[in-house]
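Q: Contents of data_16.cif (mmCIF, C-alpha atoms and all ligand atoms):
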```cif
data_data
loop_
_atom_site.label_atom_id
_atom_site.label_comp_id
_atom_site.auth_asym_id
_atom_site.auth_seq_id
_atom_site.Cartn_x
_atom_site.Cartn_y
_atom_site.Cartn_z
CA MET A 7 48.49 16.56 -57.34
CA SER A 8 52.09 15.44 -57.04
CA HIS A 9 53.20 12.20 -55.47
CA VAL A 10 55.36 12.45 -52.39
CA LEU A 11 55.94 8.70 -52.36
CA GLU A 12 56.05 6.19 -55.21
CA ILE A 13 56.33 2.50 -54.41
CA LYS A 14 57.12 0.27 -57.38
CA ASN A 15 56.83 -3.51 -57.10
CA ILE A 16 58.34 -3.73 -53.64
CA THR A 17 58.99 -7.24 -52.35
CA LYS A 18 60.57 -7.98 -48.98
CA LYS A 19 61.70 -11.48 -48.10
CA PHE A 20 63.08 -12.80 -44.82
CA GLY A 21 64.95 -15.93 -45.97
CA ASP A 22 62.36 -17.99 -47.84
CA PHE A 23 59.44 -16.13 -46.29
CA THR A 24 57.84 -13.33 -48.32
CA ALA A 25 56.50 -10.66 -45.96
CA VAL A 26 55.64 -8.09 -48.66
CA GLU A 27 54.97 -9.14 -52.24
CA LEU A 28 54.98 -6.93 -55.33
CA VAL A 29 53.32 -3.94 -53.71
CA SER A 30 52.92 -0.80 -55.84
CA PHE A 31 51.23 2.45 -54.92
CA ASN A 32 51.61 6.22 -54.92
CA VAL A 33 50.80 8.61 -52.10
CA GLU A 34 49.65 12.13 -52.88
CA ASP A 35 51.41 15.02 -51.23
CA GLY A 36 49.43 16.13 -48.18
CA GLY A 37 47.30 13.00 -48.10
CA PHE A 38 46.30 10.75 -45.22
CA PHE A 39 47.06 7.22 -46.43
CA SER A 40 46.35 4.15 -44.31
CA ILE A 41 47.51 0.57 -44.64
CA LEU A 42 44.93 -1.68 -43.03
CA GLY A 43 45.37 -5.36 -42.33
CA GLY A 44 45.37 -8.13 -39.76
CA SER A 45 48.27 -9.25 -37.63
CA GLY A 46 51.26 -10.51 -39.63
CA CYS A 47 50.06 -9.25 -43.05
CA GLY A 48 53.25 -7.22 -43.58
CA LYS A 49 52.19 -3.68 -42.62
CA THR A 50 55.11 -2.93 -40.30
CA THR A 51 57.60 -4.49 -42.69
CA LEU A 52 56.38 -2.21 -45.49
CA LEU A 53 56.61 0.81 -43.21
CA ARG A 54 60.14 -0.15 -42.19
CA VAL A 55 61.12 -0.47 -45.86
CA ILE A 56 59.80 3.06 -46.52
CA ALA A 57 61.69 4.38 -43.48
CA GLY A 58 64.86 2.58 -44.60
CA PHE A 59 65.13 0.29 -41.54
CA GLU A 60 64.66 -2.72 -43.83
CA LYS A 61 66.11 -3.08 -47.31
CA GLU A 62 63.68 -4.15 -50.00
CA THR A 63 64.50 -7.46 -51.71
CA GLU A 64 63.14 -6.17 -55.01
CA GLY A 65 61.50 -3.05 -56.37
CA GLU A 66 62.06 0.63 -55.93
CA LEU A 67 60.77 3.50 -53.84
CA LEU A 68 60.99 7.20 -54.53
CA ILE A 69 60.42 10.11 -52.18
CA ARG A 70 59.67 13.37 -53.96
CA GLY A 71 60.84 11.75 -57.17
CA GLU A 72 64.21 10.68 -55.77
CA SER A 73 65.18 7.01 -55.59
CA MET A 74 65.88 5.84 -52.04
CA LYS A 75 68.24 3.09 -53.14
CA GLY A 76 71.12 3.04 -50.69
CA ILE A 77 69.81 6.08 -48.74
CA PRO A 78 69.99 5.41 -44.97
CA PRO A 79 67.01 6.17 -42.65
CA GLU A 80 68.47 9.41 -41.28
CA LYS A 81 68.88 10.82 -44.78
CA ARG A 82 65.26 10.12 -45.79
CA ALA A 83 62.66 12.88 -45.41
CA VAL A 84 60.48 10.62 -43.27
CA ASN A 85 59.89 10.31 -39.57
CA ILE A 86 58.18 7.59 -37.62
CA VAL A 87 55.86 7.55 -34.60
CA PHE A 88 55.86 4.15 -32.91
CA GLN A 89 53.06 2.55 -30.93
CA ASN A 90 55.06 2.80 -27.70
CA LEU A 91 55.89 6.43 -28.66
CA ALA A 92 59.53 6.03 -27.50
CA LEU A 93 59.50 9.35 -25.61
CA PHE A 94 62.20 10.19 -23.06
CA PRO A 95 60.31 9.77 -19.77
CA MET A 96 62.64 11.84 -17.61
CA MET A 97 62.66 14.84 -19.95
CA ASN A 98 60.01 17.51 -20.05
CA VAL A 99 57.80 18.17 -23.07
CA GLN A 100 59.95 21.01 -24.40
CA LYS A 101 63.13 18.91 -24.27
CA ASN A 102 61.47 15.90 -25.90
CA VAL A 103 60.29 18.01 -28.82
CA ALA A 104 63.62 19.89 -29.09
CA PHE A 105 65.74 16.73 -29.04
CA GLY A 106 65.92 16.04 -32.80
CA LEU A 107 66.60 19.69 -33.66
CA GLN A 108 69.42 19.87 -31.11
CA ARG A 109 70.96 16.76 -32.62
CA GLN A 110 70.96 18.57 -35.94
CA LYS A 111 72.97 21.27 -34.10
CA LEU A 112 70.58 24.07 -35.03
CA PRO A 113 71.05 27.40 -33.21
CA ALA A 114 69.24 27.54 -29.85
CA LYS A 115 67.04 30.42 -30.98
CA GLU A 116 65.72 28.53 -33.98
CA VAL A 117 65.17 25.41 -31.87
CA ASN A 118 63.08 27.42 -29.40
CA THR A 119 61.02 29.10 -32.10
CA ARG A 120 60.25 25.85 -33.89
CA VAL A 121 59.41 23.98 -30.68
CA THR A 122 57.07 26.77 -29.51
CA GLU A 123 55.39 26.86 -32.91
CA MET A 124 54.90 23.10 -32.92
CA LEU A 125 53.55 22.96 -29.36
CA GLU A 126 51.01 25.61 -30.35
CA ARG A 127 49.95 23.51 -33.33
CA VAL A 128 49.35 20.38 -31.27
CA GLY A 129 47.67 22.27 -28.42
CA LEU A 130 50.37 21.76 -25.78
CA VAL A 131 51.18 25.36 -24.86
CA GLY A 132 51.53 25.55 -21.07
CA PHE A 133 52.81 21.95 -20.87
CA GLU A 134 56.44 22.77 -21.78
CA LYS A 135 57.92 22.07 -18.36
CA LYS A 136 55.86 18.96 -17.57
CA LYS A 137 57.57 15.59 -17.61
CA VAL A 138 56.03 13.31 -20.21
CA ASP A 139 55.37 10.72 -17.52
CA ASP A 140 52.96 13.18 -15.88
CA LEU A 141 50.87 13.60 -19.04
CA SER A 142 47.73 11.78 -20.12
CA GLY A 143 47.90 9.17 -22.91
CA GLY A 144 46.46 11.61 -25.44
CA GLN A 145 48.89 14.36 -24.46
CA ARG A 146 51.84 11.97 -24.74
CA GLN A 147 50.58 11.06 -28.18
CA ARG A 148 50.67 14.69 -29.21
CA VAL A 149 54.21 15.11 -27.85
CA ALA A 150 55.33 12.15 -29.96
CA ILE A 151 53.74 13.63 -33.06
CA ALA A 152 55.16 17.10 -32.32
CA ARG A 153 58.62 15.63 -31.82
CA SER A 154 58.46 14.05 -35.27
CA LEU A 155 56.77 16.91 -37.11
CA VAL A 156 59.16 19.54 -35.76
CA LEU A 157 61.81 17.97 -37.99
CA ARG A 158 59.61 18.86 -40.99
CA PRO A 159 59.55 15.46 -42.68
CA SER A 160 57.89 15.08 -46.09
CA ILE A 161 56.12 12.01 -44.71
CA LEU A 162 55.15 11.03 -41.19
CA LEU A 163 54.87 7.28 -40.72
CA LEU A 164 52.62 6.20 -37.87
CA ASP A 165 52.80 2.61 -36.66
CA GLU A 166 49.54 1.84 -34.81
CA PRO A 167 50.03 4.94 -32.62
CA LEU A 168 46.63 4.62 -30.93
CA GLY A 169 46.99 0.92 -30.14
CA ALA A 170 47.92 1.39 -26.49
CA LEU A 171 45.13 3.88 -25.65
CA ASP A 172 41.78 2.99 -24.11
CA ARG A 173 38.72 2.93 -26.35
CA LYS A 174 37.34 6.34 -25.44
CA LEU A 175 40.64 8.12 -25.91
CA ARG A 176 41.21 6.28 -29.19
CA GLU A 177 37.88 7.56 -30.50
CA HIS A 178 38.85 11.10 -29.52
CA MET A 179 42.39 10.89 -30.93
CA LYS A 180 41.10 9.61 -34.27
CA VAL A 181 39.29 12.88 -34.81
CA GLU A 182 42.19 14.95 -33.44
CA LEU A 183 44.71 13.26 -35.70
CA LYS A 184 42.55 13.74 -38.77
CA ILE A 185 42.09 17.44 -38.06
CA LEU A 186 45.76 17.93 -37.15
CA GLN A 187 46.89 16.29 -40.38
CA LYS A 188 44.67 18.54 -42.49
CA GLU A 189 45.87 21.66 -40.63
CA ILE A 190 49.55 20.81 -40.90
CA GLY A 191 49.41 19.36 -44.40
CA THR A 192 52.23 16.83 -43.85
CA THR A 193 51.59 13.50 -45.58
CA PHE A 194 50.64 10.80 -43.07
CA ILE A 195 51.07 7.08 -43.74
CA TYR A 196 49.26 5.28 -41.00
CA ILE A 197 49.23 1.58 -40.33
CA THR A 198 46.51 -0.09 -38.34
CA HIS A 199 44.50 -3.28 -37.92
CA ASP A 200 41.50 -1.17 -36.87
CA GLN A 201 39.17 -0.58 -39.81
CA SER A 202 37.30 2.19 -38.08
CA GLU A 203 40.53 4.20 -37.59
CA ALA A 204 41.43 3.72 -41.24
CA LEU A 205 37.98 4.60 -42.57
CA VAL A 206 37.46 7.66 -40.37
CA MET A 207 40.83 9.31 -40.88
CA SER A 208 42.09 8.49 -44.34
CA ASP A 209 41.77 9.88 -47.84
CA LYS A 210 42.93 6.52 -49.21
CA VAL A 211 43.16 3.09 -47.60
CA ALA A 212 45.08 0.04 -48.80
CA VAL A 213 43.80 -3.26 -47.43
CA MET A 214 46.67 -5.68 -47.03
CA ASN A 215 46.51 -9.47 -46.80
CA GLU A 216 49.40 -11.93 -46.73
CA GLY A 217 51.91 -9.40 -48.00
CA ARG A 218 49.80 -8.08 -50.89
CA PHE A 219 47.43 -5.18 -51.43
CA GLU A 220 43.89 -6.50 -51.93
CA GLN A 221 42.38 -3.09 -52.71
CA LEU A 222 43.47 0.52 -52.59
CA ASP A 223 40.57 2.90 -52.54
CA THR A 224 38.72 5.71 -50.80
CA PRO A 225 37.10 4.65 -47.52
CA LYS A 226 33.65 4.97 -49.10
CA ASN A 227 34.48 2.76 -52.07
CA LEU A 228 36.14 0.16 -49.89
CA TYR A 229 32.99 -0.14 -47.88
CA LYS A 230 30.47 0.14 -50.71
CA ASN A 231 32.31 -1.77 -53.43
CA PRO A 232 34.77 -4.24 -51.96
CA LYS A 233 36.63 -5.86 -54.85
CA THR A 234 37.49 -9.12 -53.11
CA SER A 235 35.78 -11.36 -50.58
CA PHE A 236 38.63 -10.65 -48.18
CA VAL A 237 37.89 -6.92 -48.25
CA ALA A 238 34.13 -7.53 -48.02
CA GLY A 239 34.70 -9.61 -44.90
CA PHE A 240 37.41 -7.45 -43.34
CA VAL A 241 35.97 -3.96 -43.79
CA GLY A 242 32.69 -3.44 -41.98
CA GLU A 243 30.17 -6.02 -40.87
CA SER A 244 28.73 -8.46 -43.38
CA ASN A 245 26.62 -11.56 -43.61
CA GLU A 246 28.71 -14.10 -45.49
CA PHE A 247 27.21 -17.13 -47.25
CA ASP A 248 28.78 -19.90 -49.29
CA VAL A 249 27.22 -20.19 -52.74
CA LEU A 250 26.38 -23.69 -53.91
CA SER A 251 25.34 -22.97 -57.48
CA TYR A 252 24.64 -20.18 -59.96
CA ALA A 253 22.70 -20.65 -63.18
CA ASP A 254 20.33 -18.55 -65.26
CA GLY A 255 20.76 -15.55 -62.97
CA LYS A 256 19.74 -17.48 -59.87
CA LEU A 257 22.03 -18.33 -57.01
CA THR A 258 21.54 -20.92 -54.33
CA THR A 259 23.40 -20.70 -51.04
CA LYS A 260 24.79 -23.80 -49.38
CA ASN A 261 21.87 -23.84 -46.99
CA GLY A 262 19.29 -23.58 -49.77
CA CYS A 263 18.45 -19.89 -49.96
CA ASN A 264 17.44 -18.96 -53.54
CA LEU A 265 18.07 -15.44 -54.78
CA VAL A 266 17.96 -13.75 -58.17
CA LYS A 267 21.20 -12.02 -59.14
CA PRO A 268 21.26 -11.38 -62.88
CA ASP A 269 24.25 -10.96 -65.17
CA LEU A 270 27.22 -12.29 -63.24
CA ASP A 271 29.96 -13.22 -65.70
CA PHE A 272 31.68 -15.56 -63.26
CA GLN A 273 30.76 -18.47 -61.03
CA PRO A 274 30.32 -16.98 -57.53
CA LYS A 275 31.52 -18.85 -54.46
CA LYS A 276 30.69 -16.30 -51.78
CA LEU A 277 27.79 -13.97 -51.16
CA PHE A 278 28.00 -10.97 -48.81
CA MET A 279 25.13 -8.81 -47.57
CA ARG A 280 25.63 -5.77 -45.33
CA PRO A 281 23.36 -5.68 -42.24
CA GLU A 282 22.09 -2.22 -43.18
CA ALA A 283 21.22 -3.28 -46.74
CA PHE A 284 18.11 -5.16 -45.57
CA ILE A 285 14.69 -3.54 -45.78
CA LEU A 286 12.00 -4.56 -43.31
CA ASN A 287 8.54 -5.17 -44.80
CA PRO A 288 9.43 -3.96 -48.32
CA SER A 289 6.36 -2.74 -50.20
CA GLU A 290 5.16 -4.75 -53.20
CA GLY A 291 5.88 -1.86 -55.57
CA LEU A 292 9.66 -1.96 -55.06
CA HIS A 293 11.63 -3.36 -58.02
CA ASP A 294 14.70 -5.62 -58.09
CA ILE A 295 14.21 -6.64 -54.50
CA GLU A 296 14.85 -10.17 -53.30
CA ARG A 297 12.39 -11.09 -50.57
CA MET A 298 12.96 -13.49 -47.71
CA ASP A 299 10.82 -14.74 -44.86
CA MET A 300 12.65 -14.80 -41.58
CA LYS A 301 12.10 -15.31 -37.87
CA ILE A 302 13.60 -13.06 -35.21
CA LYS A 303 16.09 -14.95 -33.06
CA ALA A 304 17.31 -12.03 -30.94
CA ILE A 305 17.07 -8.26 -30.75
CA LEU A 306 20.40 -6.62 -29.99
CA PHE A 307 20.27 -3.08 -28.62
CA ASP A 308 23.63 -1.47 -27.82
CA GLY A 309 22.60 2.08 -26.98
CA SER A 310 23.09 3.81 -30.31
CA ASN A 311 22.12 0.98 -32.66
CA THR A 312 19.65 -1.84 -32.80
CA LYS A 313 20.30 -5.03 -34.72
CA ILE A 314 18.22 -8.11 -35.28
CA CYS A 315 19.66 -11.56 -35.45
CA ALA A 316 17.22 -13.45 -37.69
CA ILE A 317 16.92 -16.89 -39.28
CA ILE A 318 15.96 -17.22 -42.95
CA ASN A 319 13.05 -19.68 -42.97
CA GLN A 320 13.87 -21.43 -46.23
CA SER A 321 17.51 -22.05 -45.43
CA ASN A 322 18.11 -21.75 -41.70
CA ASP A 323 20.89 -19.24 -42.43
CA GLU A 324 21.44 -16.73 -39.65
CA VAL A 325 21.67 -13.06 -40.64
CA LEU A 326 22.35 -9.81 -38.87
CA ILE A 327 20.07 -6.92 -39.81
CA SER A 328 20.71 -3.29 -38.81
CA LEU A 329 17.67 -1.20 -38.15
CA PRO A 330 17.65 2.43 -39.27
CA GLN A 331 18.27 4.83 -36.35
CA ASN A 332 14.68 6.09 -36.23
CA ALA A 333 13.05 2.68 -36.78
CA GLN A 334 10.06 1.79 -34.65
CA PHE A 335 11.14 -1.54 -33.27
CA GLU A 336 9.23 -1.58 -29.99
CA ASP A 337 6.67 -3.92 -31.55
CA LEU A 338 9.27 -6.48 -32.60
CA GLN A 339 9.63 -9.56 -30.42
CA GLU A 340 11.90 -12.55 -30.44
CA GLY A 341 10.15 -15.38 -32.31
CA ASP A 342 8.19 -12.98 -34.58
CA ASP A 343 7.95 -13.57 -38.31
CA LEU A 344 9.71 -10.96 -40.40
CA LYS A 345 9.44 -10.04 -44.08
CA VAL A 346 12.79 -8.80 -45.31
CA GLY A 347 13.98 -7.50 -48.65
CA ILE A 348 17.34 -6.67 -50.16
CA HIS A 349 18.12 -4.91 -53.43
CA ARG A 350 19.86 -7.16 -55.97
CA ASP A 351 22.71 -4.61 -56.22
CA ASP A 352 23.37 -5.26 -52.53
CA LEU A 353 23.97 -8.96 -53.13
CA LYS A 354 27.76 -8.82 -53.40
CA CYS A 355 29.19 -11.92 -55.05
CA TYR A 356 32.80 -13.12 -55.27
CA GLN A 357 34.67 -15.81 -57.08
CA ASP A 358 36.95 -16.87 -54.22
P1 LIG B 401 51.27 -6.81 -36.55
O1 LIG B 401 50.05 -5.96 -36.75
O2 LIG B 401 51.00 -8.04 -35.76
O3 LIG B 401 52.47 -6.03 -36.11
P2 LIG B 401 52.21 -6.70 -39.30
O4 LIG B 401 51.18 -6.70 -40.37
O5 LIG B 401 52.84 -5.39 -38.96
O6 LIG B 401 51.62 -7.41 -38.01
P3 LIG B 401 54.89 -7.57 -39.89
O7 LIG B 401 55.50 -7.19 -38.60
O8 LIG B 401 55.20 -6.72 -41.07
O9 LIG B 401 53.32 -7.75 -39.74
O10 LIG B 401 55.32 -9.07 -40.21
C1 LIG B 401 54.93 -9.73 -41.41
C2 LIG B 401 55.49 -11.12 -41.40
O11 LIG B 401 56.90 -11.05 -41.55
C3 LIG B 401 55.21 -11.88 -40.12
O12 LIG B 401 54.92 -13.22 -40.43
C4 LIG B 401 56.51 -11.78 -39.35
O13 LIG B 401 56.71 -12.91 -38.52
C5 LIG B 401 57.53 -11.73 -40.48
N1 LIG B 401 58.73 -10.96 -40.09
C6 LIG B 401 58.76 -9.67 -39.75
N2 LIG B 401 60.02 -9.27 -39.45
C7 LIG B 401 60.81 -10.37 -39.61
C8 LIG B 401 62.21 -10.62 -39.46
N3 LIG B 401 63.05 -9.66 -39.10
N4 LIG B 401 62.64 -11.88 -39.71
C9 LIG B 401 61.80 -12.85 -40.10
N5 LIG B 401 60.47 -12.68 -40.27
C10 LIG B 401 59.97 -11.47 -40.03
#
```
I need this file expressed as structure tokens, please.
Ligand code: ATP

A:
Amino acid sequence: MSHVLEIKNITKKFGDFTAVELVSFNVEDGGFFSILGGSGCGKTTLLRVIAGFEKETEGELLIRGESMKGIPPEKRAVNIVFQNLALFPMMNVQKNVAFGLQRQKLPAKEVNTRVTEMLERVGLVGFEKKKVDDLSGGQRQRVAIARSLVLRPSILLLDEPLGALDRKLREHMKVELKILQKEIGTTFIYITHDQSEALVMSDKVAVMNEGRFEQLDTPKNLYKNPKTSFVAGFVGESNEFDVLSYADGKLTTKNGCNLVKPDLDFQPKKLFMRPEAFILNPSEGLHDIERMDMKIKAILFDGSNTKICAIINQSNDEVLISLPQNAQFEDLQEGDDLKVGIHRDDLKCYQD
């Protein structure tokens, strides 16, 4: 597959402050690529560098193999959808979507054909004459996307476009956006601080921290094999322990929990365990399982999932355990003793 975007060692400084540091990556044509990170990690700055609104301090970026050095935003084959959407509130849907094409001075007939085609694609036929202010949040979202896509960019940049929507609509729009992107085939680069958005929608996700990429991977790999403790803590839920010592394949947590983890070739400082990695009452026959005695502190039922907050007897460490969906937990009570196992492969250890 060809690369629509190549980013080579991009650094962006504001005075002495480095907002983006030596970031390199490629985006495949037609892919859904997300940049995931907390507030202030440099996501928007990187997006603005790609769009040409900010000039990189160092490094190079290429779109379809062409260097963007000195190319202004309007000459780049990218378009951007902002969180606030920046629609024209007094104009109707048709006029909002037609705006960019009219500015390019295309013939009226072509403008009409392309707008109609795009409104069909985003499911807004019949809404042409409505003012955008009279639309729902999700419909406005689709107008914003249509208005950008109608210009046929090679890349659509989306800056937290679901941030202003309520939770239910966000859940719905996640699925819609993913399907829309696959249907249209335009490359999406999507920035978000919401891991669930990034994991659900993307082919590839880059986790960003303090201006750098910590890991670039498929959503599945990010979750299953986080390469750094930052990623392990940021993506998905995890139980995080400080490691006190590691010798002869045995690690001891700060609170005195002893676990066997063979063959680490480094001195671990952190241990992560996913809530769903725990096994309740593991049978004696199971191999490579670390066993712990715990006490149930609380049972947390949220409608679709049940979790147990438990205390490890030997160490007093608190852990969160996810129960499988069909688990029989009616017999469990707060204060009960619990035998819990975890496979040694699911003890994720990190140096920092
Ligand atoms: P958020 O999710 O909160 O928008 P972000 O990851 O998009 O965060 P950026 O907006 O890229 O973060 O900002 C990264 C850092 O660069 C922040 O510390 C910010 O204060 C700083 N920064 C951004 N723009 C400028 C600027 N024009 N001048 C100086 N510092 C800036």

Q: Using all atoms listed in the file, what are the residues with an atom within 6 Å of ligand LIG 401 (chain B), set out as an mmCIF file with C-alpha atoms, in the coordinates of the input?

A:
```
data_model
loop_
_atom_site.group_PDB
_atom_site.id
_atom_site.type_symbol
_atom_site.label_atom_id
_atom_site.label_comp_id
_atom_site.auth_asym_id
_atom_site.auth_seq_id
_atom_site.Cartn_x
_atom_site.Cartn_y
_atom_site.Cartn_z
ATOM 1 C CA PHE A 20 63.080 -12.800 -44.820
ATOM 2 C CA ALA A 25 56.500 -10.660 -45.960
ATOM 3 C CA GLY A 44 45.370 -8.130 -39.760
ATOM 4 C CA SER A 45 48.270 -9.250 -37.630
ATOM 5 C CA GLY A 46 51.260 -10.510 -39.630
ATOM 6 C CA CYS A 47 50.060 -9.250 -43.050
ATOM 7 C CA GLY A 48 53.250 -7.220 -43.580
ATOM 8 C CA LYS A 49 52.190 -3.680 -42.620
ATOM 9 C CA THR A 50 55.110 -2.930 -40.300
ATOM 10 C CA THR A 51 57.600 -4.490 -42.690
#
```

Q: From the set A:Lys61, A:Arg146, A:Arg127, A:Arg70, which residue has the shortest atom-to-atom contact distance to A:Glu189, counting only C-alpha atoms?

A: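 Of A:Lys61, A:Arg146, A:Arg127, A:Arg70, the one nearest A:Glu189 is A:Arg127, counting only C-alpha atoms.
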
Q: Residues within 9 Å of stretch 148-151 of chain A, please, as a ChimeraX atom specification. Count all atoms listed in the file; anything in the same chain fewer than 2 positions from it doesn't count.

A: /A:86-88,91-93,99-100,102-103,125,128-130,138,143-146,153-156,162,164,183

Q: How far is it from atom CA of A:Gly76 to atom CA of A:Tyr196, in Å with one decimal?

A: 24.0 Å

Q: Just to confirm, what's the straight-line distance from atom CA of A:Pro79 to atom CA of A:Ala57 in Å (one decimal)?

A: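 Computed distance, atom CA of A:Pro79 to atom CA of A:Ala57, equals 5.7 Å.
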
Q: Which residue gives the smallest distance to A:Thr259 among A:His349, A:Cys355, A:Gly191, A:Glu282, with only C-alpha atoms counted?

A: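 The answer is A:Cys355, which sits nearest to A:Thr259.
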